[in-house]
$ cat my_file.cif   # mmCIF, N, CA and C atoms
data_input
loop_
_atom_site.label_atom_id
_atom_site.label_comp_id
_atom_site.auth_asym_id
_atom_site.auth_seq_id
_atom_site.Cartn_x
_atom_site.Cartn_y
_atom_site.Cartn_z
N MET R 1 53.65 118.61 18.33
CA MET R 1 53.44 118.15 19.68
C MET R 1 53.90 119.19 20.71
N PRO R 2 55.06 119.82 20.51
CA PRO R 2 55.47 120.82 21.51
C PRO R 2 54.46 121.96 21.65
N GLN R 3 53.89 122.39 20.53
CA GLN R 3 52.89 123.46 20.60
C GLN R 3 51.66 123.01 21.38
N PHE R 4 51.27 121.75 21.21
CA PHE R 4 50.12 121.22 21.94
C PHE R 4 50.40 121.18 23.43
N VAL R 5 51.58 120.74 23.82
CA VAL R 5 51.94 120.69 25.24
C VAL R 5 51.95 122.09 25.83
N LEU R 6 52.52 123.04 25.11
CA LEU R 6 52.53 124.42 25.59
C LEU R 6 51.13 124.99 25.69
N PHE R 7 50.29 124.67 24.72
CA PHE R 7 48.90 125.14 24.73
C PHE R 7 48.16 124.62 25.95
N VAL R 8 48.26 123.33 26.22
CA VAL R 8 47.58 122.74 27.38
C VAL R 8 48.18 123.28 28.67
N GLY R 9 49.48 123.45 28.71
CA GLY R 9 50.12 124.02 29.90
C GLY R 9 49.67 125.44 30.18
N GLN R 10 49.57 126.24 29.13
CA GLN R 10 49.11 127.62 29.30
C GLN R 10 47.65 127.64 29.73
N ALA R 11 46.83 126.78 29.13
CA ALA R 11 45.42 126.71 29.50
C ALA R 11 45.26 126.24 30.94
N GLY R 12 46.13 125.35 31.37
CA GLY R 12 46.07 124.86 32.74
C GLY R 12 46.44 125.90 33.77
N SER R 13 47.14 126.94 33.35
CA SER R 13 47.50 128.00 34.28
C SER R 13 46.39 129.05 34.44
N ASP R 14 45.28 128.88 33.73
CA ASP R 14 44.14 129.80 33.85
C ASP R 14 43.56 129.71 35.26
N PRO R 15 43.29 130.84 35.90
CA PRO R 15 42.75 130.81 37.27
C PRO R 15 41.40 130.11 37.38
N ASP R 16 40.65 130.02 36.28
CA ASP R 16 39.34 129.38 36.31
C ASP R 16 39.41 127.88 36.06
N GLY R 17 40.59 127.33 35.88
CA GLY R 17 40.75 125.90 35.68
C GLY R 17 41.11 125.54 34.25
N LEU R 18 41.49 124.27 34.07
CA LEU R 18 41.96 123.79 32.77
C LEU R 18 40.88 123.88 31.70
N PHE R 19 39.69 123.40 31.98
CA PHE R 19 38.64 123.40 30.96
C PHE R 19 38.30 124.81 30.51
N ARG R 20 38.15 125.72 31.46
CA ARG R 20 37.85 127.11 31.10
C ARG R 20 39.02 127.74 30.35
N GLY R 21 40.24 127.37 30.74
CA GLY R 21 41.42 127.88 30.04
C GLY R 21 41.48 127.39 28.61
N LEU R 22 41.09 126.12 28.38
CA LEU R 22 41.05 125.60 27.01
C LEU R 22 40.02 126.36 26.17
N LEU R 23 38.88 126.65 26.77
CA LEU R 23 37.85 127.41 26.05
C LEU R 23 38.30 128.84 25.76
N ASN R 24 38.94 129.47 26.75
CA ASN R 24 39.39 130.85 26.57
C ASN R 24 40.48 130.97 25.51
N ALA R 25 41.31 129.93 25.38
CA ALA R 25 42.43 129.99 24.44
C ALA R 25 42.13 129.29 23.12
N ALA R 26 40.90 128.86 22.92
CA ALA R 26 40.56 128.11 21.70
C ALA R 26 40.79 128.91 20.43
N ASN R 27 40.70 130.22 20.51
CA ASN R 27 40.90 131.04 19.30
C ASN R 27 42.35 131.04 18.83
N THR R 28 43.28 130.59 19.66
CA THR R 28 44.68 130.55 19.23
C THR R 28 45.05 129.25 18.51
N VAL R 29 44.18 128.25 18.55
CA VAL R 29 44.48 126.96 17.92
C VAL R 29 44.75 127.12 16.41
N PRO R 30 43.93 127.84 15.65
CA PRO R 30 44.25 128.00 14.22
C PRO R 30 45.58 128.71 13.99
N LYS R 31 45.92 129.65 14.85
CA LYS R 31 47.21 130.35 14.72
C LYS R 31 48.36 129.38 14.99
N ILE R 32 48.20 128.53 15.99
CA ILE R 32 49.24 127.55 16.32
C ILE R 32 49.44 126.59 15.15
N VAL R 33 48.36 126.12 14.58
CA VAL R 33 48.45 125.21 13.43
C VAL R 33 49.10 125.90 12.24
N ALA R 34 48.72 127.15 11.98
CA ALA R 34 49.29 127.89 10.86
C ALA R 34 50.80 128.07 11.03
N VAL R 35 51.23 128.42 12.22
CA VAL R 35 52.67 128.61 12.46
C VAL R 35 53.41 127.28 12.36
N ALA R 36 52.82 126.21 12.84
CA ALA R 36 53.46 124.89 12.71
C ALA R 36 53.64 124.52 11.24
N ILE R 37 52.65 124.82 10.42
CA ILE R 37 52.75 124.54 8.98
C ILE R 37 53.83 125.41 8.34
N ILE R 38 53.91 126.66 8.74
CA ILE R 38 54.94 127.56 8.20
C ILE R 38 56.33 127.05 8.55
N TYR R 39 56.53 126.63 9.80
CA TYR R 39 57.84 126.09 10.19
C TYR R 39 58.15 124.81 9.43
N ALA R 40 57.15 123.98 9.21
CA ALA R 40 57.38 122.75 8.43
C ALA R 40 57.79 123.10 7.00
N ILE R 41 57.13 124.08 6.40
CA ILE R 41 57.48 124.50 5.05
C ILE R 41 58.89 125.11 5.02
N ALA R 42 59.29 125.73 6.12
CA ALA R 42 60.61 126.36 6.17
C ALA R 42 61.74 125.34 6.32
N PHE R 43 61.52 124.26 7.06
CA PHE R 43 62.61 123.35 7.38
C PHE R 43 62.62 122.04 6.61
N VAL R 44 61.47 121.50 6.26
CA VAL R 44 61.41 120.16 5.66
C VAL R 44 61.95 120.11 4.23
N PRO R 45 61.57 121.02 3.33
CA PRO R 45 62.02 120.87 1.93
C PRO R 45 63.54 120.86 1.77
N LEU R 46 64.24 121.72 2.50
CA LEU R 46 65.69 121.74 2.37
C LEU R 46 66.29 120.43 2.88
N GLY R 47 65.78 119.93 4.01
CA GLY R 47 66.25 118.65 4.52
C GLY R 47 65.98 117.51 3.55
N PHE R 48 64.80 117.53 2.95
CA PHE R 48 64.43 116.52 1.97
C PHE R 48 65.36 116.58 0.76
N LEU R 49 65.65 117.78 0.30
CA LEU R 49 66.52 117.96 -0.85
C LEU R 49 67.93 117.49 -0.55
N VAL R 50 68.45 117.85 0.60
CA VAL R 50 69.79 117.41 0.99
C VAL R 50 69.84 115.89 1.10
N ALA R 51 68.81 115.29 1.66
CA ALA R 51 68.76 113.84 1.83
C ALA R 51 68.76 113.10 0.50
N THR R 52 68.22 113.72 -0.53
CA THR R 52 68.20 113.04 -1.83
C THR R 52 69.58 112.94 -2.47
N PHE R 53 70.49 113.81 -2.06
CA PHE R 53 71.82 113.81 -2.64
C PHE R 53 72.88 113.18 -1.76
N SER R 54 72.49 112.68 -0.60
CA SER R 54 73.46 112.09 0.31
C SER R 54 73.04 110.67 0.68
N GLU R 55 74.01 109.79 0.72
CA GLU R 55 73.73 108.41 1.09
C GLU R 55 73.89 108.17 2.59
N ARG R 56 74.53 109.06 3.28
CA ARG R 56 74.78 108.88 4.71
C ARG R 56 74.01 109.92 5.50
N LYS R 57 73.35 109.46 6.56
CA LYS R 57 72.51 110.35 7.37
C LYS R 57 73.34 111.40 8.10
N ALA R 58 74.47 111.03 8.62
CA ALA R 58 75.30 111.98 9.36
C ALA R 58 75.80 113.10 8.45
N ILE R 59 76.19 112.74 7.25
CA ILE R 59 76.65 113.75 6.30
C ILE R 59 75.50 114.65 5.88
N ALA R 60 74.34 114.06 5.63
CA ALA R 60 73.17 114.86 5.25
C ALA R 60 72.79 115.83 6.37
N SER R 61 72.84 115.37 7.60
CA SER R 61 72.52 116.25 8.74
C SER R 61 73.52 117.39 8.84
N SER R 62 74.79 117.08 8.66
CA SER R 62 75.82 118.12 8.74
C SER R 62 75.66 119.14 7.62
N ILE R 63 75.39 118.66 6.42
CA ILE R 63 75.19 119.58 5.30
C ILE R 63 73.97 120.46 5.54
N TYR R 64 72.89 119.85 6.02
CA TYR R 64 71.66 120.61 6.30
C TYR R 64 71.94 121.73 7.30
N LEU R 65 72.57 121.39 8.42
CA LEU R 65 72.87 122.41 9.43
C LEU R 65 73.81 123.48 8.90
N ALA R 66 74.82 123.06 8.15
CA ALA R 66 75.76 124.03 7.59
C ALA R 66 75.07 124.99 6.62
N VAL R 67 74.18 124.45 5.78
CA VAL R 67 73.47 125.30 4.82
C VAL R 67 72.55 126.27 5.55
N MET R 68 71.83 125.80 6.55
CA MET R 68 70.92 126.69 7.31
C MET R 68 71.70 127.81 8.00
N ILE R 69 72.80 127.45 8.63
CA ILE R 69 73.61 128.46 9.33
C ILE R 69 74.24 129.42 8.33
N ALA R 70 74.77 128.89 7.24
CA ALA R 70 75.42 129.74 6.25
C ALA R 70 74.41 130.69 5.59
N LEU R 71 73.24 130.17 5.22
CA LEU R 71 72.22 131.04 4.61
C LEU R 71 71.86 132.19 5.54
N THR R 72 71.66 131.88 6.81
CA THR R 72 71.29 132.91 7.77
C THR R 72 72.41 133.93 7.94
N ALA R 73 73.64 133.46 8.11
CA ALA R 73 74.76 134.38 8.33
C ALA R 73 75.03 135.26 7.11
N ILE R 74 75.04 134.66 5.94
CA ILE R 74 75.33 135.43 4.72
C ILE R 74 74.22 136.44 4.44
N ALA R 75 72.98 136.01 4.54
CA ALA R 75 71.87 136.92 4.28
C ALA R 75 71.85 138.06 5.30
N ASP R 76 72.12 137.75 6.55
CA ASP R 76 72.14 138.79 7.58
C ASP R 76 73.22 139.83 7.26
N ALA R 77 74.41 139.36 6.91
CA ALA R 77 75.51 140.28 6.60
C ALA R 77 75.19 141.13 5.37
N VAL R 78 74.64 140.51 4.34
CA VAL R 78 74.35 141.24 3.11
C VAL R 78 73.23 142.27 3.33
N VAL R 79 72.13 141.84 3.94
CA VAL R 79 70.99 142.74 4.11
C VAL R 79 71.35 143.92 5.00
N ARG R 80 72.08 143.68 6.06
CA ARG R 80 72.40 144.76 7.00
C ARG R 80 73.53 145.67 6.53
N ASN R 81 74.39 145.19 5.63
CA ASN R 81 75.58 145.97 5.29
C ASN R 81 75.72 146.35 3.82
N ALA R 82 75.07 145.64 2.93
CA ALA R 82 75.27 145.88 1.50
C ALA R 82 74.58 147.17 1.06
N THR R 83 75.15 147.78 0.05
CA THR R 83 74.58 149.03 -0.46
C THR R 83 74.05 148.88 -1.88
N PHE R 84 74.20 147.72 -2.49
CA PHE R 84 73.73 147.56 -3.86
C PHE R 84 72.22 147.39 -3.91
N ALA R 85 71.65 147.74 -5.05
CA ALA R 85 70.20 147.67 -5.22
C ALA R 85 69.74 146.21 -5.15
N GLY R 86 68.68 145.99 -4.45
CA GLY R 86 68.13 144.64 -4.35
C GLY R 86 68.73 143.79 -3.26
N ALA R 87 69.60 144.35 -2.45
CA ALA R 87 70.25 143.57 -1.38
C ALA R 87 69.22 143.04 -0.38
N LYS R 88 68.14 143.78 -0.21
CA LYS R 88 67.14 143.36 0.77
C LYS R 88 66.49 142.02 0.41
N TRP R 89 66.44 141.69 -0.88
CA TRP R 89 65.79 140.45 -1.32
C TRP R 89 66.57 139.21 -0.94
N ILE R 90 67.82 139.38 -0.53
CA ILE R 90 68.63 138.25 -0.06
C ILE R 90 68.00 137.68 1.22
N ALA R 91 67.23 138.48 1.92
CA ALA R 91 66.56 138.00 3.13
C ALA R 91 65.61 136.85 2.85
N LEU R 92 65.17 136.70 1.62
CA LEU R 92 64.26 135.62 1.26
C LEU R 92 64.95 134.26 1.16
N THR R 93 66.26 134.23 1.39
CA THR R 93 67.00 132.96 1.36
C THR R 93 67.17 132.35 2.74
N THR R 94 66.58 132.95 3.76
CA THR R 94 66.77 132.46 5.13
C THR R 94 65.47 131.90 5.68
N PRO R 95 65.30 130.59 5.61
CA PRO R 95 64.06 129.99 6.09
C PRO R 95 63.77 130.28 7.56
N LEU R 96 64.80 130.28 8.38
CA LEU R 96 64.59 130.52 9.81
C LEU R 96 64.05 131.91 10.08
N ASP R 97 64.62 132.91 9.45
CA ASP R 97 64.16 134.29 9.66
C ASP R 97 62.76 134.51 9.10
N ILE R 98 62.47 133.88 7.98
CA ILE R 98 61.13 134.01 7.39
C ILE R 98 60.09 133.39 8.32
N ALA R 99 60.38 132.20 8.82
CA ALA R 99 59.44 131.52 9.71
C ALA R 99 59.24 132.30 11.01
N ASP R 100 60.31 132.84 11.55
CA ASP R 100 60.19 133.64 12.78
C ASP R 100 59.37 134.90 12.55
N ALA R 101 59.59 135.56 11.42
CA ALA R 101 58.83 136.77 11.11
C ALA R 101 57.36 136.45 10.88
N ALA R 102 57.08 135.33 10.21
CA ALA R 102 55.69 134.92 9.99
C ALA R 102 55.03 134.55 11.31
N ASN R 103 55.77 133.92 12.21
CA ASN R 103 55.25 133.59 13.54
C ASN R 103 54.83 134.87 14.27
N ALA R 104 55.69 135.87 14.25
CA ALA R 104 55.37 137.13 14.91
C ALA R 104 54.16 137.79 14.26
N GLU R 105 54.07 137.73 12.95
CA GLU R 105 52.95 138.33 12.23
C GLU R 105 51.64 137.64 12.57
N VAL R 106 51.65 136.31 12.59
CA VAL R 106 50.43 135.55 12.88
C VAL R 106 49.92 135.85 14.28
N PHE R 107 50.82 135.99 15.23
CA PHE R 107 50.40 136.24 16.61
C PHE R 107 50.33 137.72 16.96
N GLY R 108 50.52 138.59 15.97
CA GLY R 108 50.31 140.02 16.18
C GLY R 108 51.41 140.72 16.96
N THR R 109 52.60 140.17 16.94
CA THR R 109 53.73 140.84 17.59
C THR R 109 54.69 141.29 16.50
N SER R 110 55.74 141.94 16.91
CA SER R 110 56.74 142.36 15.93
C SER R 110 58.12 142.34 16.56
N ASN R 111 59.11 142.20 15.71
CA ASN R 111 60.51 142.25 16.13
C ASN R 111 61.22 143.16 15.13
N PRO R 112 61.42 144.42 15.50
CA PRO R 112 62.03 145.36 14.55
C PRO R 112 63.47 145.01 14.18
N ASN R 113 64.12 144.14 14.95
CA ASN R 113 65.49 143.75 14.65
C ASN R 113 65.58 142.50 13.78
N SER R 114 64.45 141.89 13.45
CA SER R 114 64.49 140.70 12.61
C SER R 114 64.94 141.07 11.21
N LEU R 115 65.51 140.09 10.53
CA LEU R 115 66.05 140.35 9.20
C LEU R 115 64.97 140.78 8.21
N MET R 116 63.79 140.18 8.32
CA MET R 116 62.69 140.55 7.43
C MET R 116 62.24 141.99 7.69
N SER R 117 62.23 142.42 8.94
CA SER R 117 61.87 143.81 9.26
C SER R 117 62.93 144.77 8.76
N VAL R 118 64.18 144.42 8.95
CA VAL R 118 65.27 145.27 8.48
C VAL R 118 65.22 145.41 6.96
N ALA R 119 64.89 144.31 6.28
CA ALA R 119 64.81 144.33 4.82
C ALA R 119 63.55 145.03 4.33
N GLY R 120 62.55 145.15 5.20
CA GLY R 120 61.31 145.79 4.80
C GLY R 120 60.42 144.90 3.94
N ILE R 121 60.54 143.60 4.14
CA ILE R 121 59.76 142.64 3.37
C ILE R 121 58.68 142.07 4.29
N HIS R 122 57.45 142.06 3.82
CA HIS R 122 56.36 141.51 4.63
C HIS R 122 56.57 140.01 4.80
N PRO R 123 56.32 139.48 5.99
CA PRO R 123 56.54 138.05 6.23
C PRO R 123 55.79 137.12 5.28
N TYR R 124 54.61 137.53 4.82
CA TYR R 124 53.85 136.66 3.92
C TYR R 124 54.49 136.56 2.54
N VAL R 125 55.26 137.56 2.15
CA VAL R 125 56.05 137.46 0.92
C VAL R 125 57.12 136.39 1.12
N GLY R 126 57.70 136.38 2.32
CA GLY R 126 58.69 135.34 2.64
C GLY R 126 58.08 133.95 2.64
N VAL R 127 56.86 133.83 3.18
CA VAL R 127 56.19 132.53 3.16
C VAL R 127 55.92 132.09 1.73
N GLY R 128 55.57 133.02 0.87
CA GLY R 128 55.41 132.71 -0.55
C GLY R 128 56.71 132.18 -1.16
N ALA R 129 57.83 132.80 -0.79
CA ALA R 129 59.13 132.33 -1.27
C ALA R 129 59.42 130.93 -0.75
N LEU R 130 59.06 130.67 0.50
CA LEU R 130 59.24 129.32 1.06
C LEU R 130 58.42 128.29 0.29
N ILE R 131 57.20 128.64 -0.06
CA ILE R 131 56.33 127.71 -0.80
C ILE R 131 56.92 127.44 -2.18
N VAL R 132 57.41 128.48 -2.85
CA VAL R 132 58.04 128.28 -4.17
C VAL R 132 59.25 127.37 -4.03
N PHE R 133 60.07 127.59 -3.00
CA PHE R 133 61.23 126.73 -2.78
C PHE R 133 60.80 125.31 -2.48
N ALA R 134 59.76 125.13 -1.68
CA ALA R 134 59.27 123.79 -1.35
C ALA R 134 58.82 123.04 -2.59
N ILE R 135 58.14 123.73 -3.47
CA ILE R 135 57.69 123.10 -4.73
C ILE R 135 58.89 122.72 -5.59
N ALA R 136 59.86 123.63 -5.70
CA ALA R 136 61.05 123.34 -6.50
C ALA R 136 61.86 122.20 -5.91
N ALA R 137 62.05 122.20 -4.59
CA ALA R 137 62.80 121.13 -3.94
C ALA R 137 62.10 119.79 -4.10
N SER R 138 60.79 119.78 -3.99
CA SER R 138 60.04 118.54 -4.17
C SER R 138 60.15 118.03 -5.60
N ALA R 139 60.12 118.93 -6.56
CA ALA R 139 60.26 118.53 -7.96
C ALA R 139 61.65 117.94 -8.22
N ILE R 140 62.67 118.58 -7.69
CA ILE R 140 64.04 118.07 -7.86
C ILE R 140 64.18 116.71 -7.20
N ALA R 141 63.64 116.56 -6.00
CA ALA R 141 63.71 115.28 -5.29
C ALA R 141 62.95 114.20 -6.04
N ALA R 142 61.81 114.54 -6.60
CA ALA R 142 61.03 113.55 -7.35
C ALA R 142 61.81 113.08 -8.58
N VAL R 143 62.45 114.00 -9.28
CA VAL R 143 63.26 113.62 -10.44
C VAL R 143 64.43 112.75 -10.00
N ARG R 144 65.03 113.12 -8.91
CA ARG R 144 66.19 112.36 -8.38
C ARG R 144 65.77 110.94 -8.01
N TYR R 145 64.67 110.79 -7.33
CA TYR R 145 64.22 109.45 -6.91
C TYR R 145 63.75 108.62 -8.10
N ARG R 146 63.20 109.22 -9.11
CA ARG R 146 62.80 108.47 -10.30
C ARG R 146 64.02 107.87 -11.00
N ARG R 147 65.11 108.61 -10.99
CA ARG R 147 66.35 108.10 -11.60
C ARG R 147 66.92 106.93 -10.81
N LEU R 148 66.73 106.94 -9.50
CA LEU R 148 67.28 105.88 -8.66
C LEU R 148 66.48 104.58 -8.76
N MET R 149 65.24 104.66 -9.21
CA MET R 149 64.40 103.46 -9.26
C MET R 149 64.57 102.70 -10.53
#

$ encode --input "my_file.cif" --output "structure tokens"
Amino acid sequence: MPQFVLFVGQAGSDPDGLFRGLLNAANTVPKIVAVAIIYAIAFVPLGFLVATFSERKAIASSIYLAVMIALTAIADAVVRNATFAGAKWIALTTPLDIADAANAEVFGTSNPNSLMSVAGIHPYVGVGALIVFAIAASAIAAVRYRRLM
């Protein structure tokens, strides 16, 4: 919904009017949908997995936020400072950085300071890692819920 509101707002700022602005910006709709799907793949599976192991919503929310922040901080420190072979692949553990890098790639921009750029990993490799994690998290959650029933 936020992307839709921003899209209509941007189209409404077109000097030729809202309708013409919608037509002029119609080519960005598939990109907006693609990025929304990437962000959903980045954030939903981990939340779903955490929720399967917690009975309380507040605790699950806290764990989710702590894991997201910790993954980002640890991966950033390792990728930027570590000297061991393969340190760059730790960047694939940060859903937020992967989604941001994929967003920039889809819209044709770049951020040379992003973790994925520093690691030298193409954003679509990161999206592949997110999809693998989503499948694994869904499988674990399915097994967990089957045991509860």

$ atom_distance --input "my_file.cif" --atom1 "atom N of Asn81 (chain R)" --atom2 "atom C of Ser117 (chain R)"
11.9 Å

$ closest_atom_pairs --input "my_file.cif" --of "region 16-106 of chain R" --to "region 125-128 of chain R" --cutoff "8 Å" --atoms "all atoms listed in the file" --output "tab-separated table"
residue	atom	partner	partner_atom	distance
R:Ile38	CA	R:Val127	CA	7.2
R:Ala91	C	R:Gly126	CA	7.1
R:Leu92	CA	R:Gly126	CA	5.7
R:Thr93	N	R:Gly126	CA	7.8
R:Pro95	CA	R:Gly126	C	8.0
R:Asp97	C	R:Gly126	CA	7.7
R:Ile98	CA	R:Gly126	CA	5.5
R:Ala99	N	R:Gly126	C	6.8
R:Ala102	CA	R:Val127	N	7.0

$ closest_residue --input "my_file.cif" --among "R:Lys31, R:Ala42, R:Ala85, R:Ser61" --to "Phe107 (chain R)" --atoms "all atoms listed in the file"
R:Lys31

$ residues_around --input "my_file.cif" --residues "Ala141 (chain R)" --least-positions-apart "5" --cutoff "8 Å" --atoms "only C-alpha atoms" --output "ChimeraX atom specification"
/R:48-49,52

$ axis_aligned_box --input "my_file.cif" --around "region 102-116 of chain R" --padding-each-side "3 Å" --output "JSON"
{"center_x": 58.0, "center_y": 139.5, "center_z": 12.5, "size_x": 22.1, "size_y": 17.8, "size_z": 16.2}

$ select_by_dssp --input "my_file.cif" --residues "chain R" --states "alpha helix (DSSP H)" --output "VMD selection string"
chain R and resid 2 to 12 18 to 24 29 to 52 57 to 81 95 to 106 115 to 119 123 to 148

$ atom_distance --input "my_file.cif" --atom1 "CA of Val35 (chain R)" --atom2 "CA of Gly17 (chain R)"
26.2 Å

$ atom_distance --input "my_file.cif" --atom1 "atom C of Asn103 (chain R)" --atom2 "atom N of Phe84 (chain R)"
28.7 Å

$ closest_residue --input "my_file.cif" --among "R:Met1, R:Ala36, R:Ala137, R:Val8" --to "Gly21 (chain R)" --atoms "all atoms listed in the file"
R:Val8

$ closest_residue --input "my_file.cif" --among "R:Ala70, R:Ile41, R:Ala101, R:Ala119" --to "Ile131 (chain R)" --atoms "only N, CA and C atoms"
R:Ile41

$ closest_residue --input "my_file.cif" --among "R:Tyr145, R:Phe4, R:Tyr64, R:Phe19" --to "Pro45 (chain R)" --atoms "only C-alpha atoms"
R:Tyr64

$ closest_residue --input "my_file.cif" --among "R:Pro112, R:Ile59, R:Phe53, R:Ala75" --to "Val143 (chain R)" --atoms "only C-alpha atoms"
R:Phe53

$ decode --input "my_file.cif" --residues "region 35-116 of chain R" --atoms "C-alpha atoms" --output "PDB file, in the first residue's frame"
ATOM      1  CA  VAL R  35      10.642  -4.814  -5.052  1.00  0.00           C
ATOM      2  CA  ALA R  36       7.611  -5.306  -2.800  1.00  0.00           C
ATOM      3  CA  ILE R  37       7.896  -9.073  -3.326  1.00  0.00           C
ATOM      4  CA  ILE R  38      11.631  -8.980  -2.573  1.00  0.00           C
ATOM      5  CA  TYR R  39      11.029  -7.098   0.682  1.00  0.00           C
ATOM      6  CA  ALA R  40       8.300  -9.571   1.629  1.00  0.00           C
ATOM      7  CA  ILE R  41      10.683 -12.474   0.986  1.00  0.00           C
ATOM      8  CA  ALA R  42      13.319 -10.687   3.075  1.00  0.00           C
ATOM      9  CA  PHE R  43      11.181  -9.984   6.143  1.00  0.00           C
ATOM     10  CA  VAL R  44       8.282 -12.453   6.356  1.00  0.00           C
ATOM     11  CA  PRO R  45      10.026 -15.868   6.592  1.00  0.00           C
ATOM     12  CA  LEU R  46      12.172 -14.919   9.586  1.00  0.00           C
ATOM     13  CA  GLY R  47       9.153 -13.454  11.384  1.00  0.00           C
ATOM     14  CA  PHE R  48       7.138 -16.552  10.587  1.00  0.00           C
ATOM     15  CA  LEU R  49       9.917 -18.796  11.874  1.00  0.00           C
ATOM     16  CA  VAL R  50      10.310 -16.828  15.098  1.00  0.00           C
ATOM     17  CA  ALA R  51       6.539 -16.876  15.636  1.00  0.00           C
ATOM     18  CA  THR R  52       6.463 -20.663  15.429  1.00  0.00           C
ATOM     19  CA  PHE R  53       8.798 -20.948  18.407  1.00  0.00           C
ATOM     20  CA  SER R  54       7.231 -18.300  20.624  1.00  0.00           C
ATOM     21  CA  GLU R  55       3.898 -18.316  22.391  1.00  0.00           C
ATOM     22  CA  ARG R  56       3.891 -14.603  23.180  1.00  0.00           C
ATOM     23  CA  LYS R  57       3.649 -11.905  20.521  1.00  0.00           C
ATOM     24  CA  ALA R  58       5.751  -9.358  22.403  1.00  0.00           C
ATOM     25  CA  ILE R  59       8.579 -11.829  22.882  1.00  0.00           C
ATOM     26  CA  ALA R  60       8.409 -12.927  19.251  1.00  0.00           C
ATOM     27  CA  SER R  61       8.554  -9.294  18.104  1.00  0.00           C
ATOM     28  CA  SER R  62      11.538  -8.591  20.346  1.00  0.00           C
ATOM     29  CA  ILE R  63      13.381 -11.673  19.148  1.00  0.00           C
ATOM     30  CA  TYR R  64      12.640 -10.798  15.514  1.00  0.00           C
ATOM     31  CA  LEU R  65      13.983  -7.252  15.894  1.00  0.00           C
ATOM     32  CA  ALA R  66      17.018  -8.431  17.848  1.00  0.00           C
ATOM     33  CA  VAL R  67      17.866 -11.052  15.222  1.00  0.00           C
ATOM     34  CA  MET R  68      17.488  -8.570  12.343  1.00  0.00           C
ATOM     35  CA  ILE R  69      19.656  -5.970  14.070  1.00  0.00           C
ATOM     36  CA  ALA R  70      22.249  -8.526  15.172  1.00  0.00           C
ATOM     37  CA  LEU R  71      22.494 -10.126  11.718  1.00  0.00           C
ATOM     38  CA  THR R  72      23.032  -6.735  10.114  1.00  0.00           C
ATOM     39  CA  ALA R  73      25.596  -5.554  12.673  1.00  0.00           C
ATOM     40  CA  ILE R  74      27.600  -8.787  12.738  1.00  0.00           C
ATOM     41  CA  ALA R  75      27.637  -9.200   8.968  1.00  0.00           C
ATOM     42  CA  ASP R  76      28.630  -5.570   8.468  1.00  0.00           C
ATOM     43  CA  ALA R  77      31.529  -5.886  10.913  1.00  0.00           C
ATOM     44  CA  VAL R  78      32.735  -9.181   9.439  1.00  0.00           C
ATOM     45  CA  VAL R  79      32.475  -8.193   5.772  1.00  0.00           C
ATOM     46  CA  ARG R  80      34.144  -4.810   6.243  1.00  0.00           C
ATOM     47  CA  ASN R  81      36.904  -5.924   8.629  1.00  0.00           C
ATOM     48  CA  ALA R  82      37.590  -9.655   8.360  1.00  0.00           C
ATOM     49  CA  THR R  83      40.557 -10.937   6.421  1.00  0.00           C
ATOM     50  CA  PHE R  84      39.717 -14.640   6.236  1.00  0.00           C
ATOM     51  CA  ALA R  85      38.713 -16.259   2.961  1.00  0.00           C
ATOM     52  CA  GLY R  86      35.003 -16.260   2.333  1.00  0.00           C
ATOM     53  CA  ALA R  87      34.202 -13.417   4.719  1.00  0.00           C
ATOM     54  CA  LYS R  88      32.261 -11.649   1.989  1.00  0.00           C
ATOM     55  CA  TRP R  89      29.639 -14.438   1.938  1.00  0.00           C
ATOM     56  CA  ILE R  90      28.533 -13.428   5.445  1.00  0.00           C
ATOM     57  CA  ALA R  91      26.734 -10.571   3.680  1.00  0.00           C
ATOM     58  CA  LEU R  92      24.138 -13.117   2.556  1.00  0.00           C
ATOM     59  CA  THR R  93      22.865 -13.347   6.144  1.00  0.00           C
ATOM     60  CA  THR R  94      21.441  -9.817   6.168  1.00  0.00           C
ATOM     61  CA  PRO R  95      17.937  -9.665   4.720  1.00  0.00           C
ATOM     62  CA  LEU R  96      17.744  -5.881   5.014  1.00  0.00           C
ATOM     63  CA  ASP R  97      20.943  -5.254   3.065  1.00  0.00           C
ATOM     64  CA  ILE R  98      20.016  -7.795   0.404  1.00  0.00           C
ATOM     65  CA  ALA R  99      16.584  -6.238  -0.095  1.00  0.00           C
ATOM     66  CA  ASP R 100      18.036  -2.728  -0.270  1.00  0.00           C
ATOM     67  CA  ALA R 101      20.661  -3.792  -2.805  1.00  0.00           C
ATOM     68  CA  ALA R 102      18.024  -5.566  -4.911  1.00  0.00           C
ATOM     69  CA  ASN R 103      15.840  -2.453  -4.744  1.00  0.00           C
ATOM     70  CA  ALA R 104      18.694  -0.338  -6.087  1.00  0.00           C
ATOM     71  CA  GLU R 105      19.415  -2.901  -8.803  1.00  0.00           C
ATOM     72  CA  VAL R 106      15.790  -3.110  -9.944  1.00  0.00           C
ATOM     73  CA  PHE R 107      15.505   0.665 -10.230  1.00  0.00           C
ATOM     74  CA  GLY R 108      18.922   1.061 -11.878  1.00  0.00           C
ATOM     75  CA  THR R 109      20.683   2.915  -9.092  1.00  0.00           C
ATOM     76  CA  SER R 110      23.629   1.908  -6.984  1.00  0.00           C
ATOM     77  CA  ASN R 111      25.003   2.427  -3.508  1.00  0.00           C
ATOM     78  CA  PRO R 112      28.737   1.705  -3.410  1.00  0.00           C
ATOM     79  CA  ASN R 113      28.680   1.769   0.408  1.00  0.00           C
ATOM     80  CA  SER R 114      26.054  -0.966   0.743  1.00  0.00           C
ATOM     81  CA  LEU R 115      27.172  -4.215   2.286  1.00  0.00           C
ATOM     82  CA  MET R 116      26.423  -6.199  -0.866  1.00  0.00           C
TER      83      MET R 116
END
